[in-house]
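Engineer: Just passing along the structure, written as structure tokens.
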Amino acid sequence: RLPVVALRGEPSPLLVYLRDQIARMGVALDGKPDLIVDLGTKPAAQRLALEPGADIALGDEQGVSVLHVPLRMDQVFAALHGFLCPALGLHLAATRLPLAQKIASRVGIAEIALLEAREGHFHLRALADLPLQSLASATHVTLIAAMSEGHAAGEMISAVSVYA
């Protein structure tokens, strides 16, 4: 069965973006939710070890997990690619290419890396801090695992399209 995600929050372009991305990934938006995404709240809940995403928190309402996400594009993007896809078991089509340069990551924190596929390689656009310019120029995204120190130049890695 398809996982069901309920979205809450004031109408905003970020809510529309998130709804459209979730729908394109084949997740149902109607029915009894397996997960609630609440945009714009500041709860007293467990925070994620995710960069960006340190302001994202996970809580519980009557037995349903609630992901509290600030109304910022980098946080919404991190919630989508760093939490929702892995938590819902979504296996999006990935591209494998070698890295043009090394990516150094902090152990103990999962980090979102924005990449640009160009000339047969992935080129790093941003790691952990996702400025709007990098979000606009990235073609792919990957999650660097919390237990990883990153990836070496030339290493083959998998990344999903930010447009998928």
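Residue numbers start at 1 in each chain; chains themselves are named A, B, ... in the order of the structure tokens; ligands are numbered from 1 in the order shown.
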Using DSSP on the backbone, list every residue of stretch 38-153 of chain A that comes out as strand (DSSP E or B), and give them as JSON, numbers by chain.
Structural biologist: {"A": [38, 39, 46, 47, 50, 51, 57, 58, 59, 60, 61, 64, 65, 66, 67, 68, 69, 94, 95, 96, 97, 98, 99, 103, 104, 110, 111, 112, 113, 114, 115, 116, 117, 118, 121, 122, 123, 124, 125, 126, 127, 140, 141, 142, 143, 144, 150, 151]}
Engineer: Within 7 Å of stretch 117-134 of chain A, counting only C-alpha atoms, which residues show up once you throw out same-chain ones fewer than 5 positions away? Write them as a list in words, please.
Structural biologist: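 Answer for this query is Glu51, Pro52, Asp74, Leu97, Pro98, Leu99, Ala100, Gln101, Glu111, Ile112 and Thr139 of chain A.
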Engineer: Write out the residues from the selection above, keeping N, CA, C and O atoms, as a PDB file, in the first residue's frame.
Structural biologist:
ATOM      1  N   GLU A  51      21.678  18.024   8.771  1.00  0.00           N
ATOM      2  CA  GLU A  51      22.053  19.374   8.345  1.00  0.00           C
ATOM      3  C   GLU A  51      21.874  19.499   6.851  1.00  0.00           C
ATOM      4  O   GLU A  51      22.413  18.690   6.113  1.00  0.00           O
ATOM      5  N   PRO A  52      21.144  20.505   6.360  1.00  0.00           N
ATOM      6  CA  PRO A  52      20.316  21.360   7.196  1.00  0.00           C
ATOM      7  C   PRO A  52      19.155  20.537   7.730  1.00  0.00           C
ATOM      8  O   PRO A  52      18.869  19.470   7.217  1.00  0.00           O
ATOM      9  N   ASP A  74      15.281  25.690   2.764  1.00  0.00           N
ATOM     10  CA  ASP A  74      16.310  24.690   3.051  1.00  0.00           C
ATOM     11  C   ASP A  74      15.793  23.621   4.012  1.00  0.00           C
ATOM     12  O   ASP A  74      16.110  22.439   3.883  1.00  0.00           O
ATOM     13  N   LEU A  97      27.310   8.578 -10.668  1.00  0.00           N
ATOM     14  CA  LEU A  97      28.419   9.247 -11.342  1.00  0.00           C
ATOM     15  C   LEU A  97      29.582   9.383 -10.364  1.00  0.00           C
ATOM     16  O   LEU A  97      29.372   9.383  -9.147  1.00  0.00           O
ATOM     17  N   PRO A  98      30.798   9.563 -10.876  1.00  0.00           N
ATOM     18  CA  PRO A  98      31.926   9.829  -9.979  1.00  0.00           C
ATOM     19  C   PRO A  98      31.896  11.282  -9.500  1.00  0.00           C
ATOM     20  O   PRO A  98      31.382  12.166 -10.196  1.00  0.00           O
ATOM     21  N   LEU A  99      32.456  11.508  -8.331  1.00  0.00           N
ATOM     22  CA  LEU A  99      32.556  12.865  -7.792  1.00  0.00           C
ATOM     23  C   LEU A  99      33.746  13.590  -8.423  1.00  0.00           C
ATOM     24  O   LEU A  99      34.817  13.016  -8.589  1.00  0.00           O
ATOM     25  N   ALA A 100      33.549  14.853  -8.736  1.00  0.00           N
ATOM     26  CA  ALA A 100      34.630  15.670  -9.284  1.00  0.00           C
ATOM     27  C   ALA A 100      35.618  16.078  -8.189  1.00  0.00           C
ATOM     28  O   ALA A 100      36.796  16.271  -8.460  1.00  0.00           O
ATOM     29  N   GLN A 101      35.135  16.215  -6.954  1.00  0.00           N
ATOM     30  CA  GLN A 101      36.000  16.593  -5.837  1.00  0.00           C
ATOM     31  C   GLN A 101      35.527  15.887  -4.567  1.00  0.00           C
ATOM     32  O   GLN A 101      34.420  15.382  -4.514  1.00  0.00           O
ATOM     33  N   GLU A 111      24.033  14.609   6.458  1.00  0.00           N
ATOM     34  CA  GLU A 111      24.093  15.891   5.754  1.00  0.00           C
ATOM     35  C   GLU A 111      23.552  15.758   4.336  1.00  0.00           C
ATOM     36  O   GLU A 111      23.823  14.771   3.649  1.00  0.00           O
ATOM     37  N   ILE A 112      22.825  16.766   3.934  1.00  0.00           N
ATOM     38  CA  ILE A 112      22.307  16.855   2.572  1.00  0.00           C
ATOM     39  C   ILE A 112      23.380  17.500   1.706  1.00  0.00           C
ATOM     40  O   ILE A 112      23.937  18.539   2.064  1.00  0.00           O
ATOM     41  N   THR A 139      21.282  19.923  -9.644  1.00  0.00           N
ATOM     42  CA  THR A 139      20.486  18.999 -10.454  1.00  0.00           C
ATOM     43  C   THR A 139      20.161  17.730  -9.673  1.00  0.00           C
ATOM     44  O   THR A 139      19.196  17.041  -9.995  1.00  0.00           O
TER      45      THR A 139
END
Engineer: When you draw a straight line from atom CA of A:Val37 to atom CA of A:Ser148, how long is it in Å?
Structural biologist: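 So the answer is 27.6 Å.
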Engineer: Just want the 12 Å neighbourhood of A:Val64, counted on only C-alpha atoms, with same-chain residues fewer than 3 positions away dropped. Output as a short mmCIF file (atom, residue, chain, number, x, y, z; two decimals) with N, CA, C and O atoms, in the first residue's frame.
Structural biologist:
data_model
loop_
_atom_site.label_atom_id
_atom_site.label_comp_id
_atom_site.auth_asym_id
_atom_site.auth_seq_id
_atom_site.Cartn_x
_atom_site.Cartn_y
_atom_site.Cartn_z
N VAL A 4 0.67 7.23 3.48
CA VAL A 4 -0.19 8.42 3.45
C VAL A 4 0.45 9.50 4.31
O VAL A 4 0.80 9.25 5.47
N VAL A 5 0.63 10.69 3.73
CA VAL A 5 1.18 11.83 4.44
C VAL A 5 0.13 12.94 4.46
O VAL A 5 -0.43 13.28 3.41
N ALA A 6 -0.13 13.47 5.63
CA ALA A 6 -1.02 14.62 5.76
C ALA A 6 -0.17 15.87 5.94
O ALA A 6 0.81 15.85 6.68
N LYS A 32 -6.11 7.99 6.14
CA LYS A 32 -5.55 7.98 7.50
C LYS A 32 -4.03 8.10 7.38
O LYS A 32 -3.38 7.24 6.80
N PRO A 33 -3.46 9.17 7.96
CA PRO A 33 -2.03 9.41 7.74
C PRO A 33 -1.12 8.46 8.52
O PRO A 33 -1.40 8.09 9.66
N ASP A 34 -0.03 8.09 7.84
CA ASP A 34 1.06 7.38 8.50
C ASP A 34 2.02 8.39 9.11
O ASP A 34 2.76 8.07 10.03
N LEU A 35 2.02 9.60 8.56
CA LEU A 35 2.90 10.67 9.00
C LEU A 35 2.22 12.00 8.72
O LEU A 35 1.58 12.17 7.68
N ILE A 36 2.36 12.94 9.63
CA ILE A 36 1.85 14.30 9.45
C ILE A 36 3.06 15.23 9.33
O ILE A 36 3.99 15.14 10.14
N VAL A 37 3.05 16.08 8.31
CA VAL A 37 4.08 17.11 8.17
C VAL A 37 3.41 18.44 8.51
O VAL A 37 2.46 18.85 7.86
N LEU A 58 10.67 15.92 15.44
CA LEU A 58 9.74 14.80 15.30
C LEU A 58 8.98 14.63 16.60
O LEU A 58 9.57 14.55 17.67
N GLY A 59 7.67 14.60 16.49
CA GLY A 59 6.81 14.43 17.66
C GLY A 59 5.78 13.35 17.40
O GLY A 59 5.86 12.60 16.42
N ASP A 60 4.78 13.29 18.27
CA ASP A 60 3.74 12.28 18.18
C ASP A 60 2.40 12.90 18.58
O ASP A 60 2.33 13.67 19.54
N GLU A 61 1.39 12.59 17.80
CA GLU A 61 0.02 13.00 18.12
C GLU A 61 -0.88 11.78 17.99
O GLU A 61 -1.10 11.30 16.88
N LEU A 67 6.08 15.44 11.84
CA LEU A 67 7.34 16.10 11.50
C LEU A 67 7.07 17.60 11.46
O LEU A 67 6.28 18.07 10.64
#
Engineer: For a quick check of understanding, using only C-alpha atoms, which of A:Asp30, A:Val16, A:Ile109, A:Leu7 has the smallest distance to A:Arg47?
Structural biologist: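 So, comparing all the options, the nearest one is A:Ile109.
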Engineer: Would you pick out the contacts of A:Leu39 at 12 Å or less, using only C-alpha atoms, so that residues sharing its chain but fewer than 5 positions from it are not included, and give the list as a tab-separated table (two decimals) with all heavy atoms, in the first residue's frame?
Structural biologist:
chain	number	residue	atom	x	y	z
A	6	ALA	N	-0.13	13.47	5.63
A	6	ALA	CA	-1.02	14.62	5.76
A	6	ALA	C	-0.17	15.87	5.94
A	6	ALA	O	0.81	15.85	6.68
A	6	ALA	CB	-1.95	14.44	6.96
A	7	LEU	N	-0.54	16.94	5.25
A	7	LEU	CA	0.18	18.21	5.35
A	7	LEU	C	-0.67	19.20	6.12
A	7	LEU	O	-1.87	19.33	5.87
A	7	LEU	CB	0.50	18.76	3.97
A	7	LEU	CG	1.40	17.89	3.10
A	7	LEU	CD1	1.57	18.52	1.73
A	7	LEU	CD2	2.74	17.68	3.76
A	8	ARG	N	-0.02	19.91	7.06
A	8	ARG	CA	-0.69	20.96	7.82
A	8	ARG	C	0.14	22.22	7.74
A	8	ARG	O	1.37	22.16	7.66
A	8	ARG	CB	-0.81	20.58	9.30
A	8	ARG	CG	-1.76	19.50	9.59
A	8	ARG	CD	-2.09	19.40	11.06
A	8	ARG	NE	-0.92	19.40	11.94
A	8	ARG	CZ	-0.86	18.74	13.08
A	8	ARG	NH1	-1.87	18.02	13.50
A	8	ARG	NH2	0.22	18.80	13.83
A	9	GLY	N	-0.54	23.34	7.81
A	9	GLY	CA	0.14	24.62	7.82
A	9	GLY	C	-0.65	25.65	7.05
A	9	GLY	O	-1.57	25.33	6.30
A	10	GLU	N	-0.26	26.90	7.25
A	10	GLU	CA	-0.91	27.99	6.52
A	10	GLU	C	-0.57	27.86	5.04
A	10	GLU	O	0.53	27.45	4.68
A	10	GLU	CB	-0.40	29.34	7.05
A	10	GLU	CG	-0.78	29.62	8.49
A	10	GLU	CD	-2.28	29.77	8.67
A	10	GLU	OE1	-2.93	30.39	7.80
A	10	GLU	OE2	-2.80	29.25	9.67
A	11	PRO	N	-1.52	28.21	4.17
A	11	PRO	CA	-1.22	28.17	2.73
A	11	PRO	C	0.01	29.02	2.42
A	11	PRO	O	0.14	30.14	2.89
A	11	PRO	CB	-2.47	28.77	2.10
A	11	PRO	CG	-3.55	28.55	3.10
A	11	PRO	CD	-2.89	28.65	4.45
A	12	SER	N	0.94	28.42	1.68
A	12	SER	CA	2.17	29.11	1.33
A	12	SER	C	2.77	28.42	0.11
A	12	SER	O	2.45	27.28	-0.19
A	12	SER	CB	3.17	29.06	2.49
A	12	SER	OG	3.65	27.75	2.65
A	13	PRO	N	3.70	29.10	-0.59
A	13	PRO	CA	4.38	28.44	-1.71
A	13	PRO	C	5.16	27.20	-1.25
A	13	PRO	O	5.25	26.23	-2.00
A	13	PRO	CB	5.34	29.52	-2.22
A	13	PRO	CG	4.71	30.81	-1.82
A	13	PRO	CD	4.03	30.53	-0.51
A	14	LEU	N	5.69	27.20	-0.03
A	14	LEU	CA	6.42	26.03	0.45
A	14	LEU	C	5.49	24.83	0.67
A	14	LEU	O	5.87	23.69	0.40
A	14	LEU	CB	7.17	26.35	1.74
A	14	LEU	CG	8.41	27.22	1.56
A	14	LEU	CD1	9.01	27.56	2.91
A	14	LEU	CD2	9.42	26.57	0.66
A	15	LEU	N	4.28	25.09	1.14
A	15	LEU	CA	3.31	24.02	1.32
A	15	LEU	C	2.93	23.43	-0.04
A	15	LEU	O	2.85	22.22	-0.20
A	15	LEU	CB	2.07	24.53	2.06
A	15	LEU	CG	1.06	23.48	2.49
A	15	LEU	CD1	1.65	22.53	3.51
A	15	LEU	CD2	-0.19	24.14	3.05
A	16	VAL	N	2.73	24.28	-1.02
A	16	VAL	CA	2.41	23.83	-2.38
A	16	VAL	C	3.57	23.01	-2.94
A	16	VAL	O	3.37	21.93	-3.52
A	16	VAL	CB	2.07	25.02	-3.30
A	16	VAL	CG1	1.95	24.58	-4.75
A	16	VAL	CG2	0.79	25.70	-2.83
A	17	TYR	N	4.80	23.51	-2.78
A	17	TYR	CA	5.99	22.80	-3.25
A	17	TYR	C	6.06	21.41	-2.62
A	17	TYR	O	6.26	20.40	-3.32
A	17	TYR	CB	7.25	23.60	-2.93
A	17	TYR	CG	8.53	22.81	-3.11
A	17	TYR	CD1	9.07	22.62	-4.38
A	17	TYR	CD2	9.18	22.25	-2.02
A	17	TYR	CE1	10.24	21.88	-4.55
A	17	TYR	CE2	10.35	21.52	-2.18
A	17	TYR	CZ	10.87	21.34	-3.44
A	17	TYR	OH	12.01	20.61	-3.61
A	18	LEU	N	5.91	21.34	-1.31
A	18	LEU	CA	6.01	20.06	-0.61
A	18	LEU	C	4.91	19.11	-1.05
A	18	LEU	O	5.16	17.93	-1.31
A	18	LEU	CB	5.97	20.29	0.90
A	18	LEU	CG	6.27	19.09	1.77
A	18	LEU	CD1	7.63	18.49	1.45
A	18	LEU	CD2	6.20	19.48	3.24
A	19	ARG	N	3.69	19.61	-1.17
A	19	ARG	CA	2.57	18.77	-1.62
A	19	ARG	C	2.85	18.21	-3.02
A	19	ARG	O	2.68	17.02	-3.27
A	19	ARG	CB	1.26	19.56	-1.63
A	19	ARG	CG	0.05	18.70	-2.03
A	19	ARG	CD	-1.22	19.48	-2.20
A	19	ARG	NE	-1.05	20.39	-3.32
A	19	ARG	CZ	-1.34	21.68	-3.30
A	19	ARG	NH1	-1.82	22.23	-2.21
A	19	ARG	NH2	-1.16	22.42	-4.37
A	55	ASP	N	16.54	22.36	12.79
A	55	ASP	CA	15.33	22.95	13.36
A	55	ASP	C	14.09	22.10	13.10
A	55	ASP	O	12.99	22.44	13.51
A	55	ASP	CB	15.12	24.35	12.80
A	55	ASP	CG	16.20	25.31	13.26
A	55	ASP	OD1	16.74	25.10	14.35
A	55	ASP	OD2	16.50	26.27	12.52
A	56	ILE	N	14.25	20.98	12.39
A	56	ILE	CA	13.15	20.05	12.16
A	56	ILE	C	13.02	19.17	13.39
A	56	ILE	O	14.02	18.75	13.97
A	56	ILE	CB	13.42	19.19	10.91
A	56	ILE	CG1	13.52	20.06	9.66
A	56	ILE	CG2	12.34	18.13	10.74
A	56	ILE	CD1	14.02	19.33	8.44
A	57	ALA	N	11.79	18.91	13.81
A	57	ALA	CA	11.58	18.09	15.00
A	57	ALA	C	10.54	17.02	14.72
A	57	ALA	O	9.66	17.19	13.88
A	57	ALA	CB	11.11	18.98	16.16
A	66	VAL	N	4.62	13.10	13.85
A	66	VAL	CA	4.45	14.43	13.28
A	66	VAL	C	5.82	15.04	13.07
A	66	VAL	O	6.62	15.12	14.00
A	66	VAL	CB	3.61	15.35	14.21
A	66	VAL	CG1	3.44	16.73	13.58
A	66	VAL	CG2	2.25	14.73	14.49
A	67	LEU	N	6.08	15.44	11.84
A	67	LEU	CA	7.34	16.10	11.50
A	67	LEU	C	7.07	17.60	11.46
A	67	LEU	O	6.28	18.07	10.64
A	67	LEU	CB	7.84	15.61	10.14
A	67	LEU	CG	9.25	16.00	9.76
A	67	LEU	CD1	10.26	15.36	10.71
A	67	LEU	CD2	9.55	15.58	8.33
A	68	HIS	N	7.69	18.34	12.38
A	68	HIS	CA	7.51	19.79	12.46
A	68	HIS	C	8.64	20.45	11.68
A	68	HIS	O	9.82	20.26	12.01
A	68	HIS	CB	7.54	20.24	13.92
A	68	HIS	CG	6.47	19.62	14.75
A	68	HIS	ND1	5.20	20.12	14.82
A	68	HIS	CD2	6.49	18.50	15.52
A	68	HIS	CE1	4.47	19.35	15.63
A	68	HIS	NE2	5.23	18.37	16.06
A	69	VAL	N	8.28	21.21	10.64
A	69	VAL	CA	9.26	21.79	9.73
A	69	VAL	C	9.09	23.31	9.67
A	69	VAL	O	8.00	23.80	9.39
A	69	VAL	CB	9.10	21.20	8.31
A	69	VAL	CG1	10.15	21.75	7.37
A	69	VAL	CG2	9.14	19.68	8.34
A	70	PRO	N	10.16	24.05	9.92
A	70	PRO	CA	10.08	25.51	9.81
A	70	PRO	C	9.79	25.94	8.37
A	70	PRO	O	10.11	25.22	7.42
A	70	PRO	CB	11.47	25.99	10.21
A	70	PRO	CG	12.08	24.86	10.96
A	70	PRO	CD	11.48	23.61	10.39
A	71	LEU	N	9.20	27.11	8.23
A	71	LEU	CA	8.87	27.64	6.90
A	71	LEU	C	10.09	28.28	6.26
A	71	LEU	O	10.18	29.50	6.13
A	71	LEU	CB	7.73	28.67	7.01
A	71	LEU	CG	6.34	28.08	7.09
A	71	LEU	CD1	5.31	29.17	7.37
A	71	LEU	CD2	5.99	27.33	5.83
A	72	ARG	N	11.05	27.44	5.90
A	72	ARG	CA	12.24	27.88	5.18
A	72	ARG	C	12.53	26.85	4.10
A	72	ARG	O	12.45	25.65	4.35
A	72	ARG	CB	13.45	27.99	6.12
A	72	ARG	CG	13.35	29.16	7.07
A	72	ARG	CD	14.60	29.40	7.90
A	72	ARG	NE	15.78	28.71	7.46
A	72	ARG	CZ	16.67	28.15	8.31
A	72	ARG	NH1	16.47	28.20	9.61
A	72	ARG	NH2	17.75	27.55	7.84
A	73	MET	N	12.92	27.30	2.93
A	73	MET	CA	13.13	26.39	1.82
A	73	MET	C	14.17	25.33	2.14
A	73	MET	O	13.97	24.15	1.82
A	73	MET	CB	13.52	27.17	0.56
A	73	MET	CG	13.64	26.32	-0.67
A	73	MET	SD	12.08	25.53	-1.07
A	73	MET	CE	12.59	24.34	-2.29
A	75	GLN	N	14.94	24.02	4.97
A	75	GLN	CA	14.40	23.07	5.94
A	75	GLN	C	13.37	22.14	5.29
A	75	GLN	O	13.34	20.94	5.57
A	75	GLN	CB	13.77	23.81	7.12
A	75	GLN	CG	14.74	24.70	7.87
A	75	GLN	CD	15.85	23.93	8.53
A	75	GLN	OE1	15.63	23.07	9.37
A	75	GLN	NE2	17.09	24.22	8.14
A	76	VAL	N	12.54	22.69	4.41
A	76	VAL	CA	11.56	21.88	3.68
A	76	VAL	C	12.29	20.88	2.77
A	76	VAL	O	11.94	19.70	2.72
A	76	VAL	CB	10.58	22.77	2.89
A	76	VAL	CG1	9.71	21.94	1.95
A	76	VAL	CG2	9.71	23.58	3.85
A	79	ALA	N	13.80	18.19	4.93
A	79	ALA	CA	12.76	17.29	5.44
A	79	ALA	C	12.35	16.29	4.37
A	79	ALA	O	12.19	15.10	4.63
A	79	ALA	CB	11.55	18.09	5.91
Engineer: So which bits of chain A end up alpha helix (DSSP H) when you DSSP the backbone, as a list in words?
Structural biologist: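 Across chain A, those assigned alpha helix (DSSP H) are Pro13, Leu14, Leu15, Val16, Tyr17, Leu18, Arg19, Asp20, Gln21, Ile22, Ala23, Arg24, Met73, Asp74, Gln75, Val76, Phe77, Ala78, Cys85, Pro86, Ala87, Leu132, Gln133, Ser134, Leu135, Ala136 and Ser137 of chain A.
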Engineer: Mind checking which residues fall within 7 Å of A:Val141, counting only C-alpha atoms, ignoring those fewer than 6 positions away in the same chain, and posting them as a list of chain:residue names?
Structural biologist: A:Ala113, A:Leu114, A:Leu115, A:Ala159, A:Val160, A:Ser161, A:Val162
Engineer: As an exercise, work out the distance from atom CA of A:Gly108 to atom CA of A:Gly63 in Å and give it to one decimal place.
Structural biologist: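 Those two atoms sit 27.9 Å apart.
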Engineer: Show which residues sit within 10 Å of A:Phe83, as number ranges by chain. Count only C-alpha atoms, and ignore same-chain residues fewer than 5 positions away.
Structural biologist: A: 48, 50, 53, 56, 67, 77-78, 88-89, 143
Engineer: Quick one: residues within 9 Å of A:His151, only C-alpha atoms, excluding same-chain residues fewer than 3 positions away - as a PyMOL selection string?
Structural biologist: chain A and resi 99+101-105+144+148+154-157
